[in-house]
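Undergrad: Below is one structure. I have some questions about it.
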Amino acid sequence: MRGNGVYVAIAAIWGITAGYQRLYGLHFVMAVYLLFLLRYKRDLFPACLLAAALFYLYMIWTETHNQTVLPKNKTHFSLRLIEPPVIDGDQLKVKGRTKEKEKVQLLYKINRERDKKELFQLRMGMVCRFEGRLEAPEPARNFFAFDYRKYLRSQQIHWIVKPSSFSVAACKQTRLHPVEVLRSIREKGMDEINEHFPPAVIGIVQALIFGEREEMDEALLEGYQKLGLVHLLAISGSHVTLLVSGCFYLCIRFITREAAALLLILLLPLYMILTGASPSVVRASVMAMMLLWSRYRKFNIPLCDILSLTCIVMLLIQPYDLFQPGFQLSFIVSFALILSMDWIEQYRSSMMRLFAATLVAQISSLPFLLYHFFEFSLLSIPLNMIFVPLYSFIILPLSIIALVAHYVVEPLSLPFIYLLEHVLDFANRFVQLFASDRSLAFVLGRPSMLLLLCYGMAIVWAFTQMEQKKYRAFGYVVIVIAFHAAFPYMNRYGEVVFLDVGQGDCIYIELPYRKGVYLIDTGGTVLLPKQSWQKRRSEWRVGAKLVVPFLKAKGIRQLDQLIITHGDADHMGAAPEVIRSIRVKELVIGNESRAYSPWQTALMAGMKDRKMKIKKVEKGDDWKVGEASFYVLNPPRTALPSNDNDRSVVLYAKLGGLSWLFTGDLEAEGEGRLIRDFPHLQVDVLKIGHHGSATSTSEPFLKMIKPQIAIISVGKNNRYHHPHHDVIARLKKHGVRILRTDEHGAIRYRYTKKAGTFTFMLP
């Protein structure tokens, strides 16, 4: 078994995956794997079969018991706070455990500044009594979007509890458990950094020492992510190796090597908790403990076996970690580096070894990066060669020394903080410079399971040949990347997707063989005026969090047209974010030069700065691409309506055997004009104007166009109470099938030339 632990770990991974997904294809994969073992690794077959069976049953048992015991109508709560409370603007967020021993996520909107100041007295370990209600966490409402419900379920959380009121006076402190004591120390350490370090360094110092990135500037964090440098802000193998090595060689000056190893073994579990116990921290710490134990007992364990055993132990403790990006990237990169160690160390130059290690890490992580983040940066390798030494040997040591000096003799920390601030300022400026327009980010989209298999086979073959100094095999990886990039242009299916952007519109149209990609509106977050105490560190941005990730997941590198129907924020507020992230070939906007909104004016100015084409359209304009055709029915050429909504760009399109009418925010007056101008207009699918308000979708309009399907883009529980009940009644009266983003989530029509199928994100 020595040196072959990876085969058992693979069997355990299959058991977890099969027990969670219950897909027949996974059983076929395992059958092939077992046949391989019977043929080439017969002595490993019993252990792998046993591991697969045990982890399969273990995952089924875990899934079966991962259920709520709380009644949905529960209103009285006694909740013990099991984590440090987080107060962000006007929101209190904390995890707690009910008296039924079930974990819940508490969310409370703070109504007054005085209440907020009082809530800062909350501490972990308090038991609070209050009245409130339970809400099920939101599932993913859009394709490729983050699934909050699934994420919480992986932490055995099934409910969000929302108090009707919350007071510290109704809370009582209880004794902390040992783990909670460590979490409390961690929280105090982060508070010290918040209070005594310059704002520019707080986020990164907290990330490097305590594994917490909440205080980081969002734009800067996105820059690190875009350039493939975000792993430097996570406590991982390199951080733990440097820390353990430094502590070990310091300890052996005073005690024996065996005693130093044993001391560090005892301290590493404490370090894991103090640094947040993320998968990368746990993986690196457990591996370090096993290596130290082998040194203590004076026997050698192959690194590959240590990594495999660590994987098995972590899956036993928390099997859901297997499906987290951090877990996957941490293990696959570590595995690739261990197997490539001899090849890396053949180079005498430290720069060449760094280049080789960076190359192995980037290529091995490529399929996982594409699956979770949809893109990679061509600058990632050269920038990692600069930033890995910078962080490992300058920024990380300076951060640790500055914090230790602050606790020992506070004035002693000032020169280290000063130096750290200037080094980070240089590093962050460098990141922002290249992340803006020079990131060379290559968007490929989320690969299919078949493409993932092709990536895996090509990468394994390339690494195998690399050890024999045959580098042409990397050409196969390039071929897979090229096929991935070209695949959409070979896809005979087109689609129309109504994204659920809340109270707003965003419609994605892709023609077969990607002959055209259009986005009608972008949605946008309408931010209500807030007092300073109510403002959160990071406000929700529909463009950055929803629209751009969807486009990147589809592999969209360029939009042929971004069509803005009119100037309301809920239709075009996210347009600047889309333009910054995705190249737009042409901006299409209504020809209403005397009545452009400030949003439209600013957007057109930004397009001109980027030297992108702006096309102003009006009634009578049209274009055709293959079997698809588009006709502009509004705004009129003359006598522009006084109502902004009735100046919306209205498109009539023929796609996938259906006729579509995209109406923007058109209201009854505009509908009346369409009736007069196009008396024979009939459509199959009507995008309801103005989110189904009472002033839209009039009786004469419905009677003339005779739609079969009506799609309403509307926010769940929106404050305007859209769609209006009269509109729904009129649609039902005409026998129209109603699809709504607030009830169905994103709505997709996937088609070939003459036919297609509607599917929904929510059942």
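Following the order of the structure tokens, chains are lettered A, B, ..., residues in each are numbered from 1, and ligands are numbered from 1.
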Which residues, written as a PyMOL selection string, have at least one atom at most 7 Å from range 571-588 of chain A, with only C-alpha atoms counted and residues fewer than 5 positions away on the same chain left out?
TA: chain A and resi 504-505+521-525+542-544+548+557-564+603+612-617
Undergrad: Set the distance at 12 Å and use only C-alpha atoms: which residues neighbour Gln503 in chain A once local chain neighbours fewer than 2 positions away are removed? I'd like the list as an MDAnalysis selection string.
TA: chainID A and resid 499:501 505:506 522:526 542 568:573 665 690:693 712:723 740:742
Undergrad: Can those selected residues be exported to a file as a compact mmCIF listing (two decimals), in the first residue's frame so that it contains N, CA and C atoms?
TA:
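Produced file selection31.txt, reproduced below:
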# COMPACT_ATOMS: atom_id res chain seq x y z
N LEU A 499 -33.21 36.44 -17.71
CA LEU A 499 -32.54 36.33 -16.42
C LEU A 499 -33.41 36.93 -15.32
N ASP A 500 -33.35 36.32 -14.15
CA ASP A 500 -34.05 36.86 -12.99
C ASP A 500 -33.13 37.87 -12.31
N VAL A 501 -33.30 39.14 -12.66
CA VAL A 501 -32.48 40.21 -12.09
C VAL A 501 -33.27 41.00 -11.06
N ASP A 505 -35.19 44.15 -16.12
CA ASP A 505 -35.18 43.33 -17.33
C ASP A 505 -33.75 43.00 -17.72
N CYS A 506 -33.54 41.77 -18.17
CA CYS A 506 -32.27 41.37 -18.78
C CYS A 506 -32.55 40.12 -19.59
N THR A 522 -29.87 45.17 -19.03
CA THR A 522 -28.90 44.53 -18.14
C THR A 522 -29.40 44.37 -16.72
N GLY A 523 -30.61 44.86 -16.45
CA GLY A 523 -31.02 44.94 -15.05
C GLY A 523 -30.21 46.03 -14.35
N GLY A 524 -30.45 46.18 -13.09
CA GLY A 524 -29.71 47.19 -12.34
C GLY A 524 -30.28 47.33 -10.95
N THR A 525 -29.42 47.60 -10.01
CA THR A 525 -29.85 47.75 -8.62
C THR A 525 -30.22 49.20 -8.35
N VAL A 526 -31.45 49.40 -7.92
CA VAL A 526 -31.89 50.74 -7.55
C VAL A 526 -31.59 50.93 -6.07
N VAL A 542 -26.10 43.80 -9.25
CA VAL A 542 -26.67 42.76 -10.10
C VAL A 542 -25.78 42.46 -11.30
N ASP A 568 -34.18 53.79 -17.68
CA ASP A 568 -34.41 53.51 -16.26
C ASP A 568 -33.30 52.63 -15.70
N ALA A 569 -32.99 52.84 -14.41
CA ALA A 569 -31.89 52.11 -13.78
C ALA A 569 -32.13 50.61 -13.74
N ASP A 570 -33.40 50.18 -13.60
CA ASP A 570 -33.67 48.74 -13.51
C ASP A 570 -33.54 48.04 -14.86
N HIS A 571 -33.30 48.82 -15.93
CA HIS A 571 -33.08 48.24 -17.25
C HIS A 571 -31.63 48.40 -17.72
N MET A 572 -30.93 49.41 -17.24
CA MET A 572 -29.58 49.65 -17.75
C MET A 572 -28.57 49.99 -16.66
N GLY A 573 -28.97 49.88 -15.39
CA GLY A 573 -28.06 50.24 -14.30
C GLY A 573 -26.79 49.41 -14.28
N ASP A 665 -40.43 48.82 -21.22
CA ASP A 665 -41.41 49.26 -20.22
C ASP A 665 -42.63 49.91 -20.89
N HIS A 690 -43.35 46.87 -18.70
CA HIS A 690 -43.33 47.52 -17.38
C HIS A 690 -43.64 46.54 -16.25
N HIS A 691 -43.14 45.32 -16.38
CA HIS A 691 -43.20 44.32 -15.31
C HIS A 691 -44.63 43.97 -14.88
N GLY A 692 -45.58 44.20 -15.80
CA GLY A 692 -46.96 43.86 -15.49
C GLY A 692 -47.68 44.89 -14.64
N SER A 693 -47.29 46.16 -14.78
CA SER A 693 -47.97 47.20 -14.01
C SER A 693 -49.39 47.40 -14.53
N ILE A 712 -43.20 37.61 -17.75
CA ILE A 712 -43.15 38.81 -16.90
C ILE A 712 -41.84 38.79 -16.14
N SER A 713 -41.01 39.80 -16.38
CA SER A 713 -39.75 39.94 -15.65
C SER A 713 -40.01 40.85 -14.45
N VAL A 714 -40.01 40.25 -13.27
CA VAL A 714 -40.48 40.97 -12.08
C VAL A 714 -39.76 40.44 -10.85
N GLY A 715 -39.51 41.33 -9.89
CA GLY A 715 -38.81 40.93 -8.68
C GLY A 715 -39.72 40.24 -7.69
N LYS A 716 -39.18 39.26 -6.99
CA LYS A 716 -39.93 38.55 -5.97
C LYS A 716 -40.23 39.50 -4.81
N ASN A 717 -41.51 39.55 -4.41
CA ASN A 717 -41.96 40.41 -3.31
C ASN A 717 -41.54 41.87 -3.52
N ASN A 718 -41.66 42.36 -4.76
CA ASN A 718 -41.22 43.72 -5.05
C ASN A 718 -42.15 44.75 -4.40
N ARG A 719 -41.62 45.92 -4.13
CA ARG A 719 -42.37 46.95 -3.39
C ARG A 719 -43.45 47.62 -4.22
N TYR A 720 -43.45 47.35 -5.55
CA TYR A 720 -44.48 47.93 -6.42
C TYR A 720 -45.68 47.00 -6.57
N HIS A 721 -45.59 45.81 -6.01
CA HIS A 721 -46.65 44.80 -6.09
C HIS A 721 -46.96 44.41 -7.54
N HIS A 722 -45.91 44.42 -8.37
CA HIS A 722 -46.05 43.92 -9.74
C HIS A 722 -45.95 42.39 -9.72
N PRO A 723 -46.64 41.71 -10.65
CA PRO A 723 -47.57 42.24 -11.66
C PRO A 723 -48.95 42.53 -11.05
N ARG A 740 -43.26 33.73 -15.10
CA ARG A 740 -42.81 34.87 -14.29
C ARG A 740 -41.46 34.56 -13.66
N THR A 741 -40.54 35.53 -13.72
CA THR A 741 -39.23 35.30 -13.12
C THR A 741 -39.31 35.23 -11.60
N ASP A 742 -40.31 35.89 -10.99
CA ASP A 742 -40.41 35.81 -9.53
C ASP A 742 -40.86 34.43 -9.07
Undergrad: Using only C-alpha atoms for the distances, tell me which of A:Arg429, A:Arg536, A:Lys706, A:His231 is nearest to Ser330 in chain A.
TA: A:His231
Undergrad: Would you please work out which residue, of A:Arg129, A:Glu214, A:Ile394, A:Ser165, is nearest to Lys109 in chain A when using only C-alpha atoms?
TA: A:Ser165
Undergrad: Write down as number ranges by chain the residues of range 581-675 of chain A whose backbone DSSP state falls under helix (DSSP H, G or I).
TA: A: 581, 598-609, 645-647, 668-675
Undergrad: Restrict the selected residues to N, CA and C atoms and save them as a PDB file, in the first residue's frame.
TA:
ATOM      1  N   SER A 581     -16.507  44.386 -18.288  1.00  0.00           N
ATOM      2  CA  SER A 581     -16.098  42.985 -18.196  1.00  0.00           C
ATOM      3  C   SER A 581     -16.177  42.229 -19.517  1.00  0.00           C
ATOM      4  N   PRO A 598     -29.866  60.651 -17.708  1.00  0.00           N
ATOM      5  CA  PRO A 598     -28.453  60.742 -17.296  1.00  0.00           C
ATOM      6  C   PRO A 598     -27.731  59.408 -17.399  1.00  0.00           C
ATOM      7  N   TRP A 599     -28.448  58.309 -17.118  1.00  0.00           N
ATOM      8  CA  TRP A 599     -27.852  56.974 -17.242  1.00  0.00           C
ATOM      9  C   TRP A 599     -27.400  56.730 -18.674  1.00  0.00           C
ATOM     10  N   GLN A 600     -28.291  57.029 -19.645  1.00  0.00           N
ATOM     11  CA  GLN A 600     -27.967  56.795 -21.047  1.00  0.00           C
ATOM     12  C   GLN A 600     -26.825  57.687 -21.516  1.00  0.00           C
ATOM     13  N   THR A 601     -26.854  58.947 -21.104  1.00  0.00           N
ATOM     14  CA  THR A 601     -25.808  59.880 -21.512  1.00  0.00           C
ATOM     15  C   THR A 601     -24.441  59.416 -21.011  1.00  0.00           C
ATOM     16  N   ALA A 602     -24.373  59.008 -19.743  1.00  0.00           N
ATOM     17  CA  ALA A 602     -23.107  58.529 -19.174  1.00  0.00           C
ATOM     18  C   ALA A 602     -22.637  57.255 -19.875  1.00  0.00           C
ATOM     19  N   LEU A 603     -23.576  56.363 -20.201  1.00  0.00           N
ATOM     20  CA  LEU A 603     -23.216  55.117 -20.862  1.00  0.00           C
ATOM     21  C   LEU A 603     -22.645  55.383 -22.256  1.00  0.00           C
ATOM     22  N   MET A 604     -23.279  56.274 -23.004  1.00  0.00           N
ATOM     23  CA  MET A 604     -22.793  56.585 -24.348  1.00  0.00           C
ATOM     24  C   MET A 604     -21.421  57.245 -24.289  1.00  0.00           C
ATOM     25  N   ALA A 605     -21.198  58.074 -23.277  1.00  0.00           N
ATOM     26  CA  ALA A 605     -19.880  58.696 -23.121  1.00  0.00           C
ATOM     27  C   ALA A 605     -18.817  57.636 -22.854  1.00  0.00           C
ATOM     28  N   GLY A 606     -19.164  56.659 -22.012  1.00  0.00           N
ATOM     29  CA  GLY A 606     -18.232  55.572 -21.735  1.00  0.00           C
ATOM     30  C   GLY A 606     -17.933  54.741 -22.971  1.00  0.00           C
ATOM     31  N   MET A 607     -18.956  54.503 -23.800  1.00  0.00           N
ATOM     32  CA  MET A 607     -18.761  53.748 -25.038  1.00  0.00           C
ATOM     33  C   MET A 607     -17.837  54.510 -25.991  1.00  0.00           C
ATOM     34  N   LYS A 608     -18.006  55.821 -26.071  1.00  0.00           N
ATOM     35  CA  LYS A 608     -17.158  56.619 -26.958  1.00  0.00           C
ATOM     36  C   LYS A 608     -15.714  56.603 -26.470  1.00  0.00           C
ATOM     37  N   ASP A 609     -15.522  56.641 -25.142  1.00  0.00           N
ATOM     38  CA  ASP A 609     -14.167  56.574 -24.587  1.00  0.00           C
ATOM     39  C   ASP A 609     -13.488  55.266 -24.965  1.00  0.00           C
ATOM     40  N   ASN A 645     -41.337  55.670 -20.507  1.00  0.00           N
ATOM     41  CA  ASN A 645     -41.582  54.248 -20.755  1.00  0.00           C
ATOM     42  C   ASN A 645     -42.080  53.997 -22.172  1.00  0.00           C
ATOM     43  N   ASP A 646     -42.883  54.910 -22.684  1.00  0.00           N
ATOM     44  CA  ASP A 646     -43.431  54.720 -24.026  1.00  0.00           C
ATOM     45  C   ASP A 646     -42.427  55.064 -25.127  1.00  0.00           C
ATOM     46  N   ARG A 647     -41.222  55.524 -24.729  1.00  0.00           N
ATOM     47  CA  ARG A 647     -40.145  55.700 -25.704  1.00  0.00           C
ATOM     48  C   ARG A 647     -39.241  54.469 -25.764  1.00  0.00           C
ATOM     49  N   ALA A 668     -49.737  51.551 -21.780  1.00  0.00           N
ATOM     50  CA  ALA A 668     -50.958  51.506 -22.605  1.00  0.00           C
ATOM     51  C   ALA A 668     -50.915  52.479 -23.780  1.00  0.00           C
ATOM     52  N   GLU A 669     -50.369  53.688 -23.561  1.00  0.00           N
ATOM     53  CA  GLU A 669     -50.309  54.659 -24.652  1.00  0.00           C
ATOM     54  C   GLU A 669     -49.434  54.151 -25.799  1.00  0.00           C
ATOM     55  N   GLY A 670     -48.287  53.598 -25.448  1.00  0.00           N
ATOM     56  CA  GLY A 670     -47.403  53.044 -26.465  1.00  0.00           C
ATOM     57  C   GLY A 670     -48.016  51.836 -27.147  1.00  0.00           C
ATOM     58  N   GLU A 671     -48.734  51.016 -26.376  1.00  0.00           N
ATOM     59  CA  GLU A 671     -49.409  49.861 -26.976  1.00  0.00           C
ATOM     60  C   GLU A 671     -50.459  50.320 -27.991  1.00  0.00           C
ATOM     61  N   GLY A 672     -51.151  51.395 -27.657  1.00  0.00           N
ATOM     62  CA  GLY A 672     -52.152  51.934 -28.582  1.00  0.00           C
ATOM     63  C   GLY A 672     -51.520  52.388 -29.890  1.00  0.00           C
ATOM     64  N   ARG A 673     -50.328  52.953 -29.794  1.00  0.00           N
ATOM     65  CA  ARG A 673     -49.647  53.390 -31.007  1.00  0.00           C
ATOM     66  C   ARG A 673     -49.232  52.183 -31.859  1.00  0.00           C
ATOM     67  N   LEU A 674     -48.790  51.108 -31.214  1.00  0.00           N
ATOM     68  CA  LEU A 674     -48.455  49.894 -31.965  1.00  0.00           C
ATOM     69  C   LEU A 674     -49.685  49.335 -32.677  1.00  0.00           C
ATOM     70  N   ILE A 675     -50.835  49.394 -31.999  1.00  0.00           N
ATOM     71  CA  ILE A 675     -52.080  48.913 -32.615  1.00  0.00           C
ATOM     72  C   ILE A 675     -52.383  49.711 -33.884  1.00  0.00           C
TER      73      ILE A 675
END
Undergrad: Which neighbours of Gly237 in chain A fall inside 8 Å, counting only C-alpha atoms, when residues of the same chain fewer than 3 positions from it are skipped, and could you give them as number ranges by chain?
TA: A: 240-241, 280-281, 283-285
Undergrad: If you count only C-alpha atoms, which residues fall within 12 Å of Phe483 in chain A, apart from same-chain ones fewer than 2 positions away, as a PyMOL selection string?
TA: chain A and resi 444+447-448+450-452+454-455+476-481+485-491
Undergrad: From the options A:Arg446, A:His65, A:Arg123, A:Arg492, which residue's atoms come nearest to Ile556 in chain A, counting only C-alpha atoms?
TA: A:Arg446
Undergrad: Run DSSP on the backbone and grab whatever in range 123-371 of chain A lands in strand (DSSP E); send it over as a PyMOL selection string.
TA: chain A and resi 126-135+160-163+171-173
Undergrad: Write a file of the selected residues as a short mmCIF file (atom, residue, chain, number, x, y, z; two decimals), in the first residue's frame, keeping C-alpha atoms.
TA:
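Below is the file result-v7.cif, written as the result:
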data_model
loop_
_atom_site.label_atom_id
_atom_site.label_comp_id
_atom_site.auth_asym_id
_atom_site.auth_seq_id
_atom_site.Cartn_x
_atom_site.Cartn_y
_atom_site.Cartn_z
CA MET A 126 -24.92 34.44 24.32
CA VAL A 127 -28.38 32.85 24.45
CA CYS A 128 -30.96 35.26 23.04
CA ARG A 129 -34.73 35.04 23.20
CA PHE A 130 -36.92 36.74 20.59
CA GLU A 131 -39.89 36.36 18.31
CA GLY A 132 -39.53 36.00 14.58
CA ARG A 133 -40.17 33.79 11.59
CA LEU A 134 -38.38 31.11 9.63
CA GLU A 135 -37.60 31.50 5.94
CA ILE A 160 -32.90 31.67 7.98
CA VAL A 161 -34.48 33.12 11.09
CA LYS A 162 -35.59 36.77 10.90
CA PRO A 163 -36.45 38.36 14.24
CA CYS A 171 -29.53 37.86 25.75
CA LYS A 172 -27.57 36.09 28.47
CA GLN A 173 -23.91 35.10 28.28
#
Undergrad: So which residues touch range 36-41 of chain A within 9 Å, counting only C-alpha atoms, skipping near sequence neighbours fewer than 5 positions away, as a VMD selection string?
TA: chain A and resid 7 31 48
Undergrad: Okay, now the selection with all heavy atoms, as a PDB file, in the first residue's frame?
TA:
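Wrote part07.pdb, looks like this:
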ATOM      1  N   TYR A   7      -4.939   5.875  -4.673  1.00  0.00           N
ATOM      2  CA  TYR A   7      -5.984   5.035  -5.269  1.00  0.00           C
ATOM      3  C   TYR A   7      -7.153   4.850  -4.304  1.00  0.00           C
ATOM      4  O   TYR A   7      -8.323   4.842  -4.709  1.00  0.00           O
ATOM      5  CB  TYR A   7      -5.405   3.677  -5.666  1.00  0.00           C
ATOM      6  CG  TYR A   7      -4.364   3.768  -6.755  1.00  0.00           C
ATOM      7  CD1 TYR A   7      -3.006   3.700  -6.454  1.00  0.00           C
ATOM      8  CD2 TYR A   7      -4.736   3.940  -8.081  1.00  0.00           C
ATOM      9  CE1 TYR A   7      -2.046   3.793  -7.451  1.00  0.00           C
ATOM     10  CE2 TYR A   7      -3.790   4.030  -9.092  1.00  0.00           C
ATOM     11  CZ  TYR A   7      -2.445   3.958  -8.768  1.00  0.00           C
ATOM     12  OH  TYR A   7      -1.500   4.060  -9.757  1.00  0.00           O
ATOM     13  N   ALA A  31     -17.017   1.517 -12.055  1.00  0.00           N
ATOM     14  CA  ALA A  31     -16.821   0.165 -12.599  1.00  0.00           C
ATOM     15  C   ALA A  31     -15.556   0.111 -13.453  1.00  0.00           C
ATOM     16  O   ALA A  31     -14.762  -0.833 -13.354  1.00  0.00           O
ATOM     17  CB  ALA A  31     -18.041  -0.247 -13.418  1.00  0.00           C
ATOM     18  N   CYS A  48      -9.728  -0.458  -2.047  1.00  0.00           N
ATOM     19  CA  CYS A  48     -10.456   0.577  -2.793  1.00  0.00           C
ATOM     20  C   CYS A  48     -11.949   0.266  -2.847  1.00  0.00           C
ATOM     21  O   CYS A  48     -12.779   1.181  -2.716  1.00  0.00           O
ATOM     22  CB  CYS A  48      -9.887   0.691  -4.209  1.00  0.00           C
ATOM     23  SG  CYS A  48      -8.224   1.382  -4.260  1.00  0.00           S
TER      24      CYS A  48
END
Undergrad: Which residues, written as a PyMOL selection string, have at least one atom at most 8 Å from range 425-428 of chain A, with only C-alpha atoms counted and residues fewer than 3 positions away on the same chain left out?
TA: chain A and resi 200+220+421-422+431-432
Undergrad: Please save N, CA and C atoms of the selected residues as a CSV table (one decimal), in the first residue's frame.
TA:
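Saved file again_7.csv follows:
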chain,number,residue,atom,x,y,z
A,200,ALA,N,-5.6,50.7,4.5
A,200,ALA,CA,-5.2,50.1,3.2
A,200,ALA,C,-4.6,48.7,3.4
A,220,LEU,N,-10.5,45.4,-5.4
A,220,LEU,CA,-9.1,44.8,-5.3
A,220,LEU,C,-9.2,43.3,-5.3
A,421,GLU,N,2.7,48.9,4.6
A,421,GLU,CA,1.7,49.8,3.9
A,421,GLU,C,2.3,50.2,2.6
A,422,HIS,N,3.5,50.5,2.5
A,422,HIS,CA,4.1,51.0,1.2
A,422,HIS,C,4.3,49.8,0.2
A,431,VAL,N,-1.7,45.3,-9.2
A,431,VAL,CA,-2.8,44.4,-9.5
A,431,VAL,C,-3.9,45.2,-10.2
A,432,GLN,N,-4.2,46.4,-9.7
A,432,GLN,CA,-5.3,47.2,-10.3
A,432,GLN,C,-5.0,47.6,-11.7
Undergrad: If you measure from CA of Ser236 in chain A to CA of Tyr347 in chain A, what distance in Å do you get, rounded to one decimal?
TA: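 Interatomic distance, CA of Ser236 in chain A to CA of Tyr347 in chain A: 24.3 Å.
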